[in-house]
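Trainee: I'm passing along entry_25.cif; it holds mmCIF, C-alpha atoms.
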```
data_input
#
loop_
_atom_site.label_atom_id
_atom_site.label_comp_id
_atom_site.auth_asym_id
_atom_site.auth_seq_id
_atom_site.Cartn_x
_atom_site.Cartn_y
_atom_site.Cartn_z
CA MET A 19 236.77 16.83 0.88
CA PRO A 20 236.13 19.85 -1.35
CA VAL A 21 233.49 19.79 -4.05
CA GLU A 22 235.23 19.25 -7.37
CA PHE A 23 234.22 19.38 -11.03
CA ILE A 24 234.72 16.68 -13.66
CA SER A 25 234.47 17.03 -17.43
CA ALA A 26 235.23 14.53 -20.21
CA VAL A 27 237.68 15.01 -23.05
CA HIS A 28 236.65 14.33 -26.62
CA THR A 29 239.15 13.07 -29.14
CA ASP A 30 237.64 14.83 -32.13
CA SER A 31 235.37 17.76 -32.91
CA GLY A 32 232.29 15.68 -33.75
CA ALA A 33 229.08 15.96 -31.79
CA SER A 34 228.80 14.36 -28.39
CA GLY A 35 226.55 11.48 -27.41
CA PRO A 36 226.89 7.86 -28.51
CA ALA A 37 228.72 8.94 -31.67
CA ALA A 38 231.33 11.00 -29.83
CA ALA A 39 234.40 9.50 -31.52
CA SER A 40 232.86 8.13 -34.68
CA ARG A 41 233.59 11.01 -37.04
CA THR A 42 237.36 11.13 -37.56
CA GLY A 43 238.38 9.19 -34.45
CA PHE A 44 241.30 11.31 -33.32
CA ASP A 45 242.15 14.96 -33.90
CA ARG A 46 245.34 15.80 -32.03
CA ASP A 47 244.95 19.57 -32.25
CA HIS A 48 241.34 19.45 -31.08
CA LEU A 49 242.20 17.21 -28.12
CA ARG A 50 245.06 19.50 -27.09
CA ARG A 51 242.82 22.56 -27.32
CA TYR A 52 240.07 20.78 -25.38
CA ALA A 53 242.36 19.57 -22.58
CA ARG A 54 243.89 23.02 -22.16
CA ALA A 55 240.46 24.65 -22.08
CA LEU A 56 239.49 22.37 -19.18
CA ASP A 57 242.80 23.06 -17.43
CA ASP A 58 242.52 26.82 -17.86
CA GLY A 59 238.79 26.83 -17.06
CA GLY A 60 239.20 25.43 -13.57
CA PHE A 61 237.90 21.88 -13.93
CA ASP A 62 239.51 19.53 -11.42
CA HIS A 63 239.24 16.22 -13.29
CA THR A 64 238.43 14.96 -16.75
CA LEU A 65 237.15 11.53 -17.70
CA VAL A 66 238.98 9.72 -20.46
CA ALA A 67 236.23 7.42 -21.65
CA TYR A 68 236.51 3.85 -22.93
CA HIS A 69 234.72 2.11 -25.77
CA SER A 70 235.78 -0.80 -27.96
CA ALA A 71 235.72 1.44 -31.05
CA SER A 72 237.34 4.55 -29.53
CA PRO A 73 240.97 5.71 -29.53
CA ASP A 74 243.03 3.95 -26.87
CA ALA A 75 242.21 5.47 -23.48
CA PHE A 76 245.69 4.95 -22.00
CA GLN A 77 247.30 6.95 -24.78
CA VAL A 78 244.63 9.64 -24.68
CA ALA A 79 245.12 10.01 -20.90
CA GLN A 80 248.87 10.33 -21.37
CA PHE A 81 248.32 12.99 -24.04
CA VAL A 82 246.04 14.93 -21.69
CA ALA A 83 248.52 14.67 -18.83
CA THR A 84 251.46 15.90 -20.90
CA HIS A 85 249.56 18.85 -22.36
CA THR A 86 248.11 20.18 -19.09
CA GLU A 87 249.41 21.39 -15.74
CA ARG A 88 246.76 20.69 -13.13
CA ILE A 89 243.71 18.79 -14.35
CA ARG A 90 243.52 15.17 -13.17
CA PRO A 91 242.71 12.54 -15.81
CA ILE A 92 240.25 9.83 -14.76
CA LEU A 93 241.12 6.86 -16.96
CA ALA A 94 238.20 4.55 -17.73
CA HIS A 95 239.51 0.98 -17.76
CA ARG A 96 237.95 -2.42 -18.51
CA PRO A 97 239.43 -5.25 -16.41
CA GLY A 98 238.76 -7.85 -19.13
CA VAL A 99 241.11 -6.27 -21.68
CA VAL A 100 244.51 -5.99 -19.96
CA PHE A 101 245.98 -8.47 -17.42
CA PRO A 102 246.15 -6.79 -13.97
CA THR A 103 249.93 -7.13 -13.53
CA HIS A 104 250.54 -5.25 -16.76
CA ALA A 105 247.79 -2.75 -15.89
CA SER A 106 249.34 -2.06 -12.49
CA ARG A 107 252.65 -1.14 -14.14
CA ALA A 108 251.06 0.85 -16.96
CA LEU A 109 248.86 2.81 -14.56
CA ALA A 110 251.77 3.53 -12.21
CA THR A 111 253.84 4.73 -15.16
CA LEU A 112 251.03 7.00 -16.32
CA ASP A 113 250.64 8.31 -12.77
CA ARG A 114 254.36 9.16 -12.78
CA ILE A 115 254.02 10.92 -16.14
CA SER A 116 251.13 12.98 -14.74
CA ASP A 117 252.99 13.70 -11.46
CA GLY A 118 250.39 11.90 -9.36
CA ARG A 119 247.29 13.31 -11.04
CA LEU A 120 245.79 10.01 -12.26
CA SER A 121 242.59 8.30 -11.10
CA VAL A 122 241.17 5.05 -12.52
CA HIS A 123 237.51 4.37 -13.26
CA ILE A 124 236.86 0.63 -13.38
CA ILE A 125 234.23 -0.38 -15.94
CA SER A 126 232.82 -3.84 -15.34
CA GLY A 127 230.68 -3.58 -18.49
CA GLY A 128 226.93 -3.17 -18.73
CA SER A 129 226.33 -4.69 -22.17
CA ASP A 130 227.13 -8.31 -23.05
CA GLU A 131 227.02 -7.30 -26.71
CA GLU A 132 229.66 -4.60 -26.29
CA GLN A 133 231.89 -6.81 -24.09
CA ARG A 134 231.89 -9.60 -26.67
CA ARG A 135 233.26 -7.24 -29.28
CA GLU A 136 236.55 -7.53 -27.41
CA GLY A 137 236.26 -11.23 -26.62
CA ASP A 138 234.81 -10.99 -23.10
CA TYR A 139 232.13 -13.64 -22.60
CA LEU A 140 231.67 -13.46 -18.83
CA ASN A 141 228.18 -12.62 -17.60
CA LYS A 142 227.54 -9.42 -15.68
CA ALA A 143 227.82 -10.95 -12.19
CA GLU A 144 231.11 -12.58 -13.15
CA ARG A 145 232.41 -9.30 -14.54
CA TYR A 146 231.80 -7.58 -11.22
CA GLU A 147 233.55 -10.44 -9.41
CA ARG A 148 236.49 -9.98 -11.75
CA SER A 149 236.54 -6.23 -11.12
CA ASP A 150 236.66 -6.84 -7.36
CA GLU A 151 239.62 -9.20 -7.76
CA TYR A 152 241.30 -6.89 -10.26
CA ILE A 153 241.20 -3.89 -7.91
CA GLN A 154 242.65 -5.96 -5.08
CA ILE A 155 245.54 -7.05 -7.32
CA LEU A 156 246.29 -3.48 -8.44
CA ARG A 157 246.55 -2.27 -4.86
CA LYS A 158 248.55 -5.32 -3.78
CA VAL A 159 251.14 -4.73 -6.51
CA TRP A 160 251.34 -0.98 -5.91
CA GLN A 161 251.96 -1.49 -2.19
CA ALA A 162 254.28 -4.48 -2.43
CA ASP A 163 257.89 -4.29 -1.22
CA GLY A 164 258.71 -7.56 -2.97
CA PRO A 165 257.33 -10.15 -5.42
CA VAL A 166 253.58 -10.80 -5.36
CA SER A 167 251.75 -14.02 -6.20
CA HIS A 168 248.03 -14.46 -6.60
CA GLU A 169 245.62 -17.29 -7.21
CA GLY A 170 241.97 -16.30 -7.56
CA LYS A 171 238.90 -17.14 -9.58
CA HIS A 172 239.83 -14.97 -12.55
CA PHE A 173 243.60 -14.36 -12.30
CA ARG A 174 246.68 -16.34 -11.38
CA PHE A 175 250.35 -15.36 -11.40
CA GLU A 176 253.56 -15.94 -9.43
CA GLY A 177 256.40 -13.73 -8.26
CA TYR A 178 255.37 -10.50 -9.97
CA TYR A 179 257.09 -7.27 -9.02
CA SER A 180 257.07 -3.80 -10.56
CA ASP A 181 259.81 -1.22 -10.08
CA VAL A 182 257.43 1.64 -10.88
CA LYS A 183 255.03 2.74 -8.14
CA PRO A 184 252.38 5.46 -8.07
CA VAL A 185 253.52 8.87 -6.87
CA ASN A 186 251.35 8.74 -3.73
CA GLY A 187 251.58 4.99 -3.13
CA LEU A 188 248.11 4.27 -4.47
CA ILE A 189 246.00 5.59 -7.33
CA PRO A 190 242.38 6.55 -6.48
CA ILE A 191 239.95 3.99 -7.87
CA SER A 192 236.41 4.75 -8.97
CA VAL A 193 233.59 2.25 -9.47
CA GLY A 194 230.20 3.05 -10.95
CA GLY A 195 226.81 1.53 -11.60
CA SER A 196 223.30 1.14 -10.28
CA SER A 197 222.99 -2.59 -9.60
CA PRO A 198 223.48 -4.45 -6.30
CA ASP A 199 226.73 -5.86 -7.72
CA ALA A 200 227.95 -2.34 -8.44
CA TYR A 201 227.03 -1.16 -4.94
CA ARG A 202 228.85 -4.15 -3.45
CA VAL A 203 232.09 -3.67 -5.37
CA GLY A 204 231.97 0.10 -5.08
CA GLY A 205 231.25 0.06 -1.38
CA GLN A 206 233.92 -2.53 -0.63
CA GLN A 207 236.62 -1.30 -3.01
CA GLY A 208 235.93 2.16 -4.40
CA ASP A 209 237.51 5.43 -3.31
CA ILE A 210 234.92 7.07 -5.58
CA PHE A 211 231.50 5.84 -6.70
CA GLY A 212 229.97 7.13 -9.93
CA LEU A 213 226.25 7.66 -10.59
CA TRP A 214 224.33 9.00 -13.55
CA GLY A 215 222.05 11.97 -12.96
CA GLU A 216 218.78 10.74 -11.48
CA PRO A 217 216.26 12.74 -9.41
CA LEU A 218 217.37 13.73 -5.93
CA LYS A 219 215.30 11.08 -4.15
CA GLU A 220 216.63 8.19 -6.25
CA THR A 221 220.18 9.53 -6.07
CA GLY A 222 219.97 9.71 -2.29
CA GLU A 223 218.75 6.11 -2.16
CA GLN A 224 221.68 4.94 -4.26
CA ILE A 225 224.17 6.83 -2.09
CA ALA A 226 222.69 5.20 1.01
CA ALA A 227 223.00 1.74 -0.59
CA VAL A 228 226.69 2.25 -1.40
CA ASN A 229 227.45 3.74 2.01
CA ALA A 230 225.77 0.83 3.79
CA VAL A 231 228.08 -1.60 2.01
CA ALA A 232 231.13 0.50 2.88
CA GLU A 233 230.11 0.65 6.54
CA ALA A 234 229.59 -3.11 6.67
CA ALA A 235 233.09 -3.56 5.23
CA GLY A 236 234.57 -1.14 7.76
CA ARG A 237 235.60 1.31 5.03
CA PRO A 238 235.08 5.06 4.65
CA HIS A 239 232.21 6.12 2.46
CA PRO A 240 233.42 6.59 -1.13
CA ARG A 241 233.21 10.04 -2.62
CA ILE A 242 230.11 10.33 -4.81
CA TRP A 243 230.44 11.33 -8.45
CA VAL A 244 227.22 12.32 -10.25
CA SER A 245 227.01 13.08 -13.98
CA PHE A 246 224.82 15.48 -15.97
CA ARG A 247 224.69 17.08 -19.42
CA PRO A 248 223.73 20.70 -18.61
CA ILE A 249 222.13 22.92 -21.24
CA ILE A 250 222.53 26.59 -20.30
CA ALA A 251 221.60 29.98 -21.75
CA PRO A 252 221.26 33.49 -20.28
CA THR A 253 217.67 32.81 -19.14
CA ASP A 254 215.66 29.71 -18.32
CA GLU A 255 213.38 30.34 -21.29
CA LEU A 256 216.29 30.55 -23.73
CA ALA A 257 217.83 27.44 -22.17
CA TRP A 258 214.69 25.41 -22.82
CA GLU A 259 214.60 26.63 -26.43
CA LYS A 260 218.21 25.51 -26.79
CA ALA A 261 217.37 22.19 -25.11
CA HIS A 262 214.70 21.35 -27.65
CA ARG A 263 217.04 22.23 -30.52
CA THR A 264 219.63 19.92 -28.98
CA LEU A 265 217.04 17.17 -28.66
CA GLY A 266 216.34 17.42 -32.38
CA VAL A 267 220.03 16.89 -33.14
CA LEU A 268 220.17 13.85 -30.83
CA LYS A 269 217.14 12.32 -32.53
CA ASP A 270 218.74 12.85 -35.93
CA GLN A 271 221.91 11.14 -34.70
CA ALA A 272 219.90 8.22 -33.35
CA ARG A 273 218.36 7.68 -36.79
CA ASN A 274 221.76 7.73 -38.50
CA THR A 275 222.70 4.04 -38.46
CA GLU A 276 226.01 4.67 -40.25
CA LEU A 277 227.09 7.26 -37.68
CA LEU A 278 226.32 4.90 -34.79
CA ARG A 279 227.37 1.62 -36.35
CA HIS A 280 230.10 0.87 -33.79
CA TYR A 281 228.30 2.37 -30.79
CA ARG A 282 224.81 0.96 -31.11
CA THR A 283 223.59 -2.02 -29.13
CA THR A 284 220.26 -3.61 -29.86
CA GLY A 285 217.02 -3.47 -27.86
CA ARG A 286 216.45 -2.19 -24.34
CA PRO A 287 219.76 -1.49 -22.57
CA ALA A 288 221.13 -4.39 -20.55
CA ASN A 289 222.69 -2.29 -17.80
CA VAL A 290 220.63 -1.26 -14.80
CA GLY A 291 221.75 2.38 -14.92
CA SER A 292 220.31 2.91 -18.39
CA GLN A 293 217.14 1.02 -17.50
CA ARG A 294 216.67 3.27 -14.48
CA LEU A 295 217.04 6.44 -16.60
CA LEU A 296 214.44 5.21 -19.07
CA ASP A 297 212.06 4.21 -16.27
CA ILE A 298 212.46 7.65 -14.67
CA ALA A 299 211.75 9.26 -18.05
CA GLU A 300 208.48 7.33 -18.27
CA ARG A 301 207.43 8.89 -14.97
CA GLY A 302 208.06 12.43 -16.19
CA GLU A 303 210.15 14.57 -18.49
CA VAL A 304 211.24 17.11 -15.86
CA HIS A 305 212.13 16.33 -12.24
CA ASP A 306 213.13 18.44 -9.25
CA ARG A 307 214.50 21.87 -10.12
CA CYS A 308 215.44 21.26 -13.79
CA LEU A 309 216.46 17.63 -14.44
CA TRP A 310 215.40 16.77 -18.01
CA THR A 311 215.07 13.13 -19.10
CA ALA A 312 214.22 13.55 -22.80
CA PRO A 313 217.87 13.19 -23.95
CA ALA A 314 218.03 9.80 -22.21
CA VAL A 315 215.04 8.65 -24.25
CA ALA A 316 216.51 10.00 -27.49
CA THR A 317 219.84 8.19 -26.95
CA ASN A 318 218.35 5.01 -25.44
CA ALA A 319 220.16 6.07 -22.24
CA ALA A 320 223.57 5.45 -23.80
CA GLY A 321 225.73 6.66 -20.94
CA ALA A 322 225.20 9.74 -18.81
CA SER A 323 222.39 11.43 -20.71
CA THR A 324 220.10 13.41 -18.41
CA ALA A 325 220.35 17.19 -18.63
CA LEU A 326 220.06 20.11 -16.23
CA VAL A 327 218.35 22.90 -18.18
CA GLY A 328 218.28 26.58 -17.27
CA SER A 329 220.23 29.75 -16.73
CA PRO A 330 223.65 29.41 -15.08
CA GLU A 331 222.01 30.41 -11.79
CA THR A 332 219.34 27.70 -12.09
CA VAL A 333 221.84 24.99 -13.05
CA ALA A 334 224.24 26.04 -10.28
CA GLN A 335 221.45 25.76 -7.72
CA ALA A 336 220.50 22.36 -9.09
CA LEU A 337 224.09 21.16 -8.70
CA LEU A 338 224.13 22.47 -5.14
CA ASP A 339 221.00 20.41 -4.46
CA TYR A 340 223.09 17.33 -5.23
CA VAL A 341 225.96 18.57 -3.07
CA ASP A 342 223.46 18.86 -0.24
CA ILE A 343 222.60 15.14 -0.43
CA GLY A 344 226.21 13.97 -0.46
CA CYS A 345 227.66 14.40 -3.97
CA ASP A 346 231.05 16.11 -3.97
CA LEU A 347 232.24 15.28 -7.48
CA LEU A 348 230.07 17.02 -10.09
CA SER A 349 230.50 15.79 -13.64
CA ILE A 350 229.19 18.24 -16.23
CA ARG A 351 229.76 17.84 -19.95
CA GLY A 352 227.64 19.07 -22.77
CA TYR A 353 226.23 17.99 -26.09
CA ASP A 354 228.40 20.67 -27.75
CA PRO A 355 231.42 19.49 -25.78
CA LEU A 356 234.15 22.12 -26.14
CA ASN A 357 231.93 25.19 -26.31
CA ASP A 358 229.80 23.92 -23.42
CA ALA A 359 232.88 23.25 -21.29
CA ILE A 360 234.05 26.83 -21.86
CA ASP A 361 230.60 28.17 -20.95
CA TYR A 362 230.40 26.04 -17.80
CA ALA A 363 233.84 27.27 -16.73
CA ARG A 364 232.81 30.90 -17.21
CA HIS A 365 229.28 30.83 -15.88
CA VAL A 366 228.52 27.76 -13.72
CA LEU A 367 231.67 26.73 -11.84
CA PRO A 368 232.17 30.20 -10.30
CA LEU A 369 228.58 30.35 -9.02
CA VAL A 370 228.80 26.96 -7.31
CA ARG A 371 232.19 27.75 -5.80
CA GLN A 372 231.09 31.18 -4.62
CA GLU A 373 228.11 29.70 -2.79
CA LEU A 374 230.23 26.96 -1.22
CA ALA A 375 232.81 29.56 -0.14
CA HIS A 376 230.03 31.68 1.37
CA ARG A 377 228.73 28.69 3.30
CA ALA A 378 232.21 27.88 4.58
CA ALA A 379 232.87 31.50 5.62
CA THR A 380 229.57 31.89 7.44
CA GLY A 381 229.27 28.37 8.85
CA GLN A 382 225.96 28.14 7.03
CA ALA A 383 224.42 24.72 6.56
CA ALA A 384 222.93 23.69 3.24
#
```
Go through the file and emit its structure as structure tokens.
Mentor:
Amino acid sequence: MPVEFISAVHTDSGASGPAAASRTGFDRDHLRRYARALDDGGFDHTLVAYHSASPDAFQVAQFVATHTERIRPILAHRPGVVFPTHASRALATLDRISDGRLSVHIISGGSDEEQRREGDYLNKAERYERSDEYIQILRKVWQADGPVSHEGKHFRFEGYYSDVKPVNGLIPISVGGSSPDAYRVGGQQGDIFGLWGEPLKETGEQIAAVNAVAEAAGRPHPRIWVSFRPIIAPTDELAWEKAHRTLGVLKDQARNTELLRHYRTTGRPANVGSQRLLDIAERGEVHDRCLWTAPAVATNAAGASTALVGSPETVAQALLDYVDIGCDLLSIRGYDPLNDAIDYARHVLPLVRQELAHRAATGQAA
């Protein structure tokens, strides 16, 4: 499969980070401009994120699909919110609207506190069990020629059938996380597996863990999606100056309790992915070529928060380092979301693609 780039749409013009949608919530003109910038800039996919306080992800994904021509929305979806029969029909409808461009990112939920805001009181292990069952139901319904019944631990229904089917029969499903439960569900069920940006060694270990589960289940290895928040400037020195200015803004946001009132959870993060980022930060602020962990500390590792800092050439080489260990979906979104996306499209994506094209033309190994 080709190496592809992922971004993430933002529904208003506020700063990124944990407070991404907490300013005005939804700005239609900004979202249209953002989606078209990604489409025109050559990104392949864009994440439509989910949070209990954010604008509805289904409707945002539909908006993105109807205002673009080629970019593929990746809809983040929590299994505990919508019953799987309804979700199967809604997702298939959205896939039809987008002409087969949709992917689904299943979020089992890393924070009990955040899950309970929407009435979900299952523990983490149970949530992953539910995700496993949920994915199986989605695929069963999409592929069914007649009525489907199901009786499982978390869901039960009889004689369900949907007239609407995905354009290509199935919709690609992504799973993410850094726990054994995540590896198990992702390896057994995922077409794509998502990781946050850790050092190369740790990332390689996680890829191996997911692939081992897939092999044991007799499935192909899922495609690996790795996420970063690059900070670029014309030179490495200028990029690091910009990085420290950005860090100051993130720290100010973290101190603003009103700004983060719906997005904050208390104490050390409950999810393993965030814990891993904070533990890596304790071991060092800069890893490998230019992986910077300070933003993870400033945001309490609220989501993908490690940065790649440097000139476009340095960041492109760092991304290629991850391609070389098995990552073929590169998620890059910035702390100044729209302007950063435009800069990445102009200065980073072409460098990575040129190098990959050169390798393909010359038969050169990484």
Trainee: Mind pulling up the distance from atom CA of Ser196 of chain A to atom CA of Asn289 of chain A?
Mentor: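 Separation between atom CA of Asn289 of chain A and atom CA of Ser196 of chain A: 8.3 Å.
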Trainee: Mind telling me what the PyMOL selection byres ((chain A and resi 296-303) around 9) catches here, as a tab-separated table (two decimals) with C-alpha atoms, in the frame of the given file?
Mentor:
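For reference, expr27.tsv as written:
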```
chain	number	residue	atom	x	y	z
A	216	GLU	CA	218.78	10.74	-11.48
A	217	PRO	CA	216.26	12.74	-9.41
A	291	GLY	CA	221.75	2.38	-14.92
A	292	SER	CA	220.31	2.91	-18.39
A	293	GLN	CA	217.14	1.02	-17.50
A	294	ARG	CA	216.67	3.27	-14.48
A	295	LEU	CA	217.04	6.44	-16.60
A	304	VAL	CA	211.24	17.11	-15.86
A	305	HIS	CA	212.13	16.33	-12.24
A	309	LEU	CA	216.46	17.63	-14.44
A	310	TRP	CA	215.40	16.77	-18.01
A	311	THR	CA	215.07	13.13	-19.10
A	312	ALA	CA	214.22	13.55	-22.80
A	314	ALA	CA	218.03	9.80	-22.21
A	315	VAL	CA	215.04	8.65	-24.25
A	318	ASN	CA	218.35	5.01	-25.44
A	319	ALA	CA	220.16	6.07	-22.24
```
Trainee: Using only C-alpha atoms, what does the table of segment 204-271 of chain A residues within 12 Å of segment 155-173 of chain A look like, with each row giving the shortest atom pair and its distance in Å to one decimal, sorted by chain and ascending number, as a tab-separated table?
Mentor:
```
residue	atom	partner	partner_atom	distance
A:Gln207	CA	A:Arg157	CA	10.1
A:Gly208	CA	A:Arg157	CA	11.5
A:Asp209	CA	A:Arg157	CA	12.0
```
Trainee: Hey, what comes out of the PyMOL selection byres ((chain A and resi 364) around 12) on this file? Could you write it as number ranges by chain?
Mentor: A: 55-56, 58-61, 250, 330, 357-363, 365-371
Trainee: Would you list the contacts of Glu259 of chain A as a PyMOL selection string, taking every protein, DNA or RNA residue within 10 Å and counting all atoms listed in the file, but skipping same-chain residues closer than 5 positions in sequence?
Mentor: chain A and resi 249+251+254+264+327-328
Trainee: How would the residues just picked look written out with C-alpha atoms as a PDB file, keeping the file's coordinate frame?
Mentor:
```
ATOM      1  CA  ILE A 249     222.130  22.920 -21.240  1.00  0.00           C
ATOM      2  CA  ALA A 251     221.600  29.980 -21.750  1.00  0.00           C
ATOM      3  CA  ASP A 254     215.660  29.710 -18.320  1.00  0.00           C
ATOM      4  CA  THR A 264     219.630  19.920 -28.980  1.00  0.00           C
ATOM      5  CA  VAL A 327     218.350  22.900 -18.180  1.00  0.00           C
ATOM      6  CA  GLY A 328     218.280  26.580 -17.270  1.00  0.00           C
TER       7      GLY A 328
END
```
Trainee: Of the candidates A:Arg237, A:Ala334, A:Ser197, A:Val99, which one gets nearest to Ala288 of chain A if we count only C-alpha atoms?
Mentor: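 Residue with the minimum atom-to-atom distance to Ala288 of chain A: A:Ser197.
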Trainee: Please expand the PyMOL selection byres ((chain A and resi 106) around 9) into the concrete residues it hits in this file, giving the result as a PyMOL selection string.
Mentor: chain A and resi 101-105+107-111+155-157+159-160+180+183
Trainee: Please return, as a count of residues only, all polymer residues that have at least one atom within 10 Å of the point (235.4, -3.2, -29.7); use all atoms listed in the file and the file's own coordinate frame.
Mentor: 14
Trainee: Rounded to one decimal, what separation in Å do you get between atom CA of Val185 of chain A and atom CA of Gln77 of chain A?
Mentor: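 Spanning atom CA of Val185 of chain A to atom CA of Gln77 of chain A is a straight-line distance of 19.1 Å.
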Trainee: Could you work out how far atom CA of Val122 of chain A lies from atom CA of Ser25 of chain A, giving the answer in Å with one decimal?
Mentor: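 Atom-to-atom, atom CA of Ser25 of chain A to atom CA of Val122 of chain A, that is 14.6 Å.
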